[in-house]
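To start, the structure under review is shown below, and the notes come after it.
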Amino acid sequence: MTRTKKIGMRTRGGRVAVVGALGLAAVTLAAGPAFAKGTVDITAPGSAQVGKPITVKAQGGDDSAGYLHQLCLEENGFGEGWHQETCSAAVKGDAQVTARGTAARSGNLQFRAVLYGLTSAHDQHPVRLHASEVVTVQVR
(Lines give C-alpha, C1' and ligand atoms only; values in the text may rest on other atoms or scores of the structure.)
Protein backbone atom coordinates (compact mmCIF):
# COMPACT_ATOMS: atom_id res chain seq x y z
CA MET A 1 0.00 0.00 0.00
CA THR A 2 2.77 2.42 0.70
CA ARG A 3 4.08 2.00 -2.79
CA THR A 4 0.68 2.75 -4.30
CA LYS A 5 0.39 5.93 -2.29
CA LYS A 6 3.84 7.13 -3.42
CA ILE A 7 3.05 6.49 -7.07
CA GLY A 8 -0.32 8.18 -6.61
CA MET A 9 1.34 11.23 -5.10
CA ARG A 10 3.90 11.36 -7.90
CA THR A 11 1.17 11.14 -10.49
CA ARG A 12 -0.87 13.85 -8.77
CA GLY A 13 2.22 16.06 -8.50
CA GLY A 14 2.93 15.52 -12.20
CA ARG A 15 -0.61 16.49 -13.10
CA VAL A 16 -0.39 19.64 -11.03
CA ALA A 17 2.88 20.57 -12.74
CA VAL A 18 1.40 20.01 -16.21
CA VAL A 19 -1.77 21.99 -15.42
CA GLY A 20 0.34 24.79 -13.95
CA ALA A 21 2.58 24.92 -17.02
CA LEU A 22 -0.43 25.02 -19.35
CA GLY A 23 -1.99 27.81 -17.30
CA LEU A 24 1.23 29.82 -17.39
CA ALA A 25 1.49 29.34 -21.16
CA ALA A 26 -2.10 30.53 -21.64
CA VAL A 27 -1.50 33.66 -19.56
CA THR A 28 1.74 34.41 -21.44
CA LEU A 29 0.06 34.10 -24.84
CA ALA A 30 -2.87 36.28 -23.76
CA ALA A 31 -0.54 39.00 -22.47
CA GLY A 32 1.62 38.99 -25.61
CA PRO A 33 1.73 41.91 -28.02
CA ALA A 34 -1.28 42.52 -30.22
CA PHE A 35 -0.59 42.91 -33.92
CA ALA A 36 -2.70 45.19 -36.07
CA LYS A 37 -4.67 43.46 -38.73
CA GLY A 38 -5.06 45.01 -42.12
CA THR A 39 -5.96 44.03 -45.62
CA VAL A 40 -5.70 45.45 -49.08
CA ASP A 41 -7.73 43.97 -51.94
CA ILE A 42 -7.42 44.84 -55.62
CA THR A 43 -9.56 43.89 -58.61
CA ALA A 44 -8.70 44.31 -62.27
CA PRO A 45 -9.77 42.63 -65.50
CA GLY A 46 -7.56 39.78 -66.70
CA SER A 47 -7.40 41.20 -70.22
CA ALA A 48 -8.34 44.31 -72.14
CA GLN A 49 -8.24 45.60 -75.70
CA VAL A 50 -6.03 48.43 -76.90
CA GLY A 51 -7.92 51.72 -76.67
CA LYS A 52 -10.72 50.29 -74.50
CA PRO A 53 -11.23 51.46 -70.90
CA ILE A 54 -9.55 49.58 -68.04
CA THR A 55 -10.94 49.97 -64.52
CA VAL A 56 -8.91 48.95 -61.48
CA LYS A 57 -10.44 49.14 -57.99
CA ALA A 58 -8.89 48.68 -54.58
CA GLN A 59 -10.03 48.87 -51.00
CA GLY A 60 -8.22 48.40 -47.74
CA GLY A 61 -7.85 49.32 -44.14
CA ASP A 62 -5.99 48.63 -40.96
CA ASP A 63 -7.23 48.58 -37.40
CA SER A 64 -4.27 50.63 -36.15
CA ALA A 65 -5.60 53.21 -33.76
CA GLY A 66 -4.69 56.83 -34.42
CA TYR A 67 -3.96 56.47 -38.11
CA LEU A 68 -5.59 58.04 -41.10
CA HIS A 69 -5.37 55.80 -44.14
CA GLN A 70 -4.57 56.62 -47.74
CA LEU A 71 -4.77 53.99 -50.46
CA CYS A 72 -2.75 54.38 -53.65
CA LEU A 73 -2.82 52.43 -56.91
CA GLU A 74 0.54 51.85 -58.55
CA GLU A 75 1.20 50.71 -62.13
CA ASN A 76 4.15 48.99 -63.76
CA GLY A 77 4.16 48.52 -67.49
CA PHE A 78 5.90 49.17 -70.77
CA GLY A 79 9.29 49.68 -69.11
CA GLU A 80 8.22 52.61 -66.95
CA GLY A 81 8.74 50.95 -63.55
CA TRP A 82 6.37 51.26 -60.61
CA HIS A 83 4.68 54.64 -60.30
CA GLN A 84 1.56 55.97 -58.58
CA GLU A 85 -1.51 56.31 -60.73
CA THR A 86 -3.93 57.73 -58.17
CA CYS A 87 -4.52 57.94 -54.43
CA SER A 88 -7.58 58.22 -52.23
CA ALA A 89 -8.16 61.01 -49.77
CA ALA A 90 -6.88 60.50 -46.21
CA VAL A 91 -9.69 58.79 -44.31
CA LYS A 92 -10.21 57.20 -40.91
CA GLY A 93 -11.14 53.54 -41.47
CA ASP A 94 -11.31 51.75 -44.80
CA ALA A 95 -10.13 53.57 -47.92
CA GLN A 96 -11.23 52.99 -51.52
CA VAL A 97 -9.72 54.08 -54.81
CA THR A 98 -10.59 53.55 -58.47
CA ALA A 99 -8.42 54.19 -61.51
CA ARG A 100 -9.77 54.34 -65.05
CA GLY A 101 -7.67 54.58 -68.16
CA THR A 102 -6.85 53.12 -71.55
CA ALA A 103 -3.76 51.42 -72.88
CA ALA A 104 -2.40 52.79 -76.14
CA ARG A 105 -0.49 49.61 -77.04
CA SER A 106 -0.48 45.90 -76.33
CA GLY A 107 1.52 44.28 -73.54
CA ASN A 108 1.21 43.49 -69.86
CA LEU A 109 0.26 46.06 -67.25
CA GLN A 110 0.76 45.27 -63.58
CA PHE A 111 -1.12 46.95 -60.76
CA ARG A 112 -0.85 46.88 -56.97
CA ALA A 113 -2.50 48.80 -54.16
CA VAL A 114 -0.51 50.22 -51.25
CA LEU A 115 -2.06 51.34 -47.95
CA TYR A 116 -0.30 54.16 -46.10
CA GLY A 117 -0.78 55.34 -42.53
CA LEU A 118 -0.77 59.08 -41.88
CA THR A 119 -0.71 61.00 -38.61
CA SER A 120 -2.58 63.96 -40.12
CA ALA A 121 -4.30 64.83 -43.38
CA HIS A 122 -1.18 66.68 -44.56
CA ASP A 123 1.44 64.20 -43.30
CA GLN A 124 4.59 64.52 -45.44
CA HIS A 125 6.02 61.17 -44.26
CA PRO A 126 3.37 58.44 -44.61
CA VAL A 127 4.15 54.97 -43.31
CA ARG A 128 3.61 52.03 -45.66
CA LEU A 129 1.31 49.59 -43.83
CA HIS A 130 0.24 46.96 -46.38
CA ALA A 131 0.40 46.16 -50.08
CA SER A 132 -1.84 43.97 -52.20
CA GLU A 133 -0.72 41.21 -54.48
CA VAL A 134 0.22 42.23 -58.01
CA VAL A 135 -2.48 41.78 -60.66
CA THR A 136 -1.65 41.65 -64.37
CA VAL A 137 -3.84 42.94 -67.19
CA GLN A 138 -2.96 41.60 -70.64
CA VAL A 139 -3.64 44.31 -73.21
CA ARG A 140 -4.24 42.88 -76.70
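Going through the C-alpha coordinates in order, the chains are called A, B, and so on, while each chain numbers its residues from 1 and the ligands are numbered from 1 in the order shown.
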Would you tabulate, counting only C-alpha atoms, all residues of range 90-117 of chain A that have an atom at most 9 Å from an atom of range 68-72 of chain A, showing the closest pair of atoms and their distance in Å to one decimal, sorted by chain then ascending number, as a Markdown table?
```
| residue | atom | partner | partner_atom | distance |
| --- | --- | --- | --- | --- |
| A:Ala90 | CA | A:Gln70 | CA | 4.8 |
| A:Val91 | CA | A:His69 | CA | 5.3 |
| A:Lys92 | CA | A:Leu68 | CA | 4.7 |
| A:Gly93 | CA | A:His69 | CA | 6.8 |
| A:Asp94 | CA | A:His69 | CA | 7.2 |
| A:Ala95 | CA | A:Leu71 | CA | 5.9 |
| A:Gln96 | CA | A:Leu71 | CA | 6.6 |
| A:Val97 | CA | A:Leu71 | CA | 6.6 |
| A:Arg112 | CA | A:Cys72 | CA | 8.4 |
| A:Ala113 | CA | A:Cys72 | CA | 5.6 |
| A:Val114 | CA | A:Cys72 | CA | 5.3 |
| A:Leu115 | CA | A:Leu71 | CA | 4.5 |
| A:Tyr116 | CA | A:Gln70 | CA | 5.2 |
| A:Gly117 | CA | A:His69 | CA | 4.9 |
```
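Considering only range 27-90 of chain A, backbone DSSP assigns alpha helix (DSSP H) to A:Val27, A:Thr28, A:Leu29, A:Ala30.
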Just to be explicit: take each residue in the selection above, keep all heavy atoms, and write the result as an mmCIF file, in the first residue's frame.
```
data_model
loop_
_atom_site.group_PDB
_atom_site.id
_atom_site.type_symbol
_atom_site.label_atom_id
_atom_site.label_comp_id
_atom_site.auth_asym_id
_atom_site.auth_seq_id
_atom_site.Cartn_x
_atom_site.Cartn_y
_atom_site.Cartn_z
ATOM 1 N N VAL A 27 -1.603 32.278 -20.021
ATOM 2 C CA VAL A 27 -1.500 33.665 -19.560
ATOM 3 C C VAL A 27 -0.445 34.414 -20.365
ATOM 4 O O VAL A 27 -0.632 35.565 -20.752
ATOM 5 C CB VAL A 27 -1.178 33.704 -18.050
ATOM 6 C CG1 VAL A 27 -0.799 35.107 -17.600
ATOM 7 C CG2 VAL A 27 -2.368 33.196 -17.253
ATOM 8 N N THR A 28 0.677 33.774 -20.654
ATOM 9 C CA THR A 28 1.741 34.409 -21.439
ATOM 10 C C THR A 28 1.268 34.748 -22.836
ATOM 11 O O THR A 28 1.527 35.838 -23.342
ATOM 12 C CB THR A 28 2.976 33.487 -21.518
ATOM 13 O OG1 THR A 28 3.394 33.191 -20.186
ATOM 14 C CG2 THR A 28 4.105 34.145 -22.273
ATOM 15 N N LEU A 29 0.558 33.834 -23.484
ATOM 16 C CA LEU A 29 0.057 34.102 -24.839
ATOM 17 C C LEU A 29 -0.987 35.204 -24.838
ATOM 18 O O LEU A 29 -1.029 36.027 -25.737
ATOM 19 C CB LEU A 29 -0.529 32.826 -25.446
ATOM 20 C CG LEU A 29 0.486 31.749 -25.827
ATOM 21 C CD1 LEU A 29 -0.238 30.494 -26.290
ATOM 22 C CD2 LEU A 29 1.420 32.246 -26.890
ATOM 23 N N ALA A 30 -1.833 35.248 -23.820
ATOM 24 C CA ALA A 30 -2.866 36.277 -23.761
ATOM 25 C C ALA A 30 -2.269 37.657 -23.516
ATOM 26 O O ALA A 30 -2.786 38.662 -23.985
ATOM 27 C CB ALA A 30 -3.878 35.938 -22.676
#
```
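The residue that comes closest to Val40 in chain A, out of A:Gln84, A:Asp123, A:Val139, A:His130 and on the basis of only C-alpha atoms, is A:His130.
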Residue contacts of Thr98 in chain A (10 Å, only C-alpha atoms) excluding same-chain residues fewer than 2 positions away, as number ranges by chain: A: 42-43, 55-59, 71-73, 85-88, 96, 100
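Residue nearest Gly38 in chain A, chosen from A:Gly101, A:Pro126, A:Gly60, A:Gly107 and counting only C-alpha atoms: A:Gly60.
For the atom pair formed by CA of Asp62 in chain A and CA of Ala99 in chain A, the distance is 21.4 Å, given to one decimal.
Restricting the calculation to only C-alpha atoms, the smallest distance between Pro45 in chain A and any of A:Asn108, A:Ala121, A:Tyr67, A:Ala131 is found for A:Asn108.
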According to DSSP computed on the backbone, where in range 17-126 of chain A is there strand (DSSP E)? Give the residues as a VMD selection string. chain A and resid 38 to 43 47 to 48 53 to 62 68 to 77 83 to 87 95 to 102 107 to 118
Excluding same-chain residues fewer than 6 positions from Gly51 in chain A, what lies within 8 Å of it counting only C-alpha atoms, as a VMD selection string? chain A and resid 102 to 105
Nearest residue to Phe111 in chain A out of A:Leu129, A:Ala89, A:Val135, A:Ala48, using only C-alpha atoms? A:Val135
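For the pair CA of Phe78 in chain A and CA of Ala44 in chain A, the interatomic distance is 17.6 Å.
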Enter the distance from CA of His83 in chain A to CA of Gln138 in chain A, in Å, rounded to one decimal. 18.3 Å
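Among A:Ser47, A:Lys37, A:Val134, A:Val127, the residue with the shortest atom-to-atom distance to Trp82 in chain A, counting only C-alpha atoms, is A:Val134.
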